[in-house]
Amino acid sequence: MRFDLKQIVTASMVLFAVIDILGSVPIIISLRKKVGHIQSEKASIVAASIMVAFLFVGERILNLIGIDVNSFAVAGAFVIFFLAIEMILGITLYKDDQPESASVVPIAFPLIAGAGTMTSILSLRAEYEVQNIVVAIVVNIIFVYLVLKSSSRIERFLGKNGLNIIRKVFGVILLAIAVKLFATNINQLILK
């Protein structure tokens, strides 16, 4: 078992870009307004657990239930697409009967540990040592926790107009990610 700083840094950067927690701040703030409270610790621990579990057994679980990574990614693209539509149009699609918290769904999954993250983890697994990927996951989860914990401060700093602008811009970016994820993986499914 050998820790490699270069692998840890690269894997951390890949996961940071895919998780895009800073881009998710407007979603987190709107979910907090909707449900009243987000348990940062719970969301972070659940997301970390999902990611580490998926690192070790992800492909086997998907194969066991007859789903390949591409189908999983296409499903994730739809979830991301609808979150983006909510952000851009200012409408509410995600409804829950009196939700107590949005900590697990949709924050831990699919916002943090979503299809893009899972697919990236499987890709990283093919190239890097498992322990380095685990360290990269922990580094990202610490950052995610800090962002979740300070979302109200971020909201105060940006103000209502700043948040609306960022929300729409990141909605479009999220929509583009969803389209790219869908296009890449639907091609793989069609070619099979």
# chains A, B, ... in the order shown; residues from 1 in each chain; ligands from 1
$ residues_around --residues "A:Leu5" --least-positions-apart "6" --cutoff "12 Å" --atoms "only C-alpha atoms" --output "number ranges by chain"
A: 11-12, 128-129, 131-133, 135-136
$ closest_atom_pairs --of "stretch 96-172 of chain A" --to "stretch 179-189 of chain A" --cutoff "12 Å" --atoms "only C-alpha atoms" --output "JSON lines"
{"residue": "A:Gly114", "atom": "CA", "partner": "A:Leu181", "partner_atom": "CA", "distance": 11.7}
{"residue": "A:Ala115", "atom": "CA", "partner": "A:Leu181", "partner_atom": "CA", "distance": 9.0}
{"residue": "A:Gly116", "atom": "CA", "partner": "A:Leu181", "partner_atom": "CA", "distance": 7.5}
{"residue": "A:Thr117", "atom": "CA", "partner": "A:Leu181", "partner_atom": "CA", "distance": 11.2}
{"residue": "A:Thr119", "atom": "CA", "partner": "A:Leu181", "partner_atom": "CA", "distance": 10.0}
{"residue": "A:Ser120", "atom": "CA", "partner": "A:Leu181", "partner_atom": "CA", "distance": 11.3}
{"residue": "A:Val172", "atom": "CA", "partner": "A:Val179", "partner_atom": "CA", "distance": 10.4}
$ closest_residue --among "A:Ile177, A:Arg125, A:Lys42, A:Asn161" --to "A:Ala77" --atoms "only C-alpha atoms"
A:Ile177
$ atom_distance --atom1 "atom CA of A:Asn70" --atom2 "atom CA of A:Val138"
25.5 Å
$ atom_distance --atom1 "atom CA of A:Phe56" --atom2 "atom CA of A:Val25"
29.0 Å
$ atom_distance --atom1 "atom CA of A:Ser40" --atom2 "atom CA of A:Val105"
12.5 Å
$ residues_around --residues "A:Pro26" --least-positions-apart "6" --cutoff "10 Å" --atoms "only C-alpha atoms" --output "number ranges by chain"
A: 32, 87, 151, 154-155, 162-168, 170-171
$ select_by_dssp --residues "chain A" --states "helix (DSSP H, G or I)" --output "ChimeraX atom specification"
/A:5-19,25-35,40-64,69-89,103-112,115-127,130-149,151-191
$ closest_residue --among "A:Ser30, A:Glu86, A:Val69, A:Val139" --to "A:Phe54" --atoms "only C-alpha atoms"
A:Val69
$ closest_residue --among "A:Ile112, A:Ala75, A:Ile190, A:Ala48" --to "A:Ala17" --atoms "only C-alpha atoms"
A:Ile112
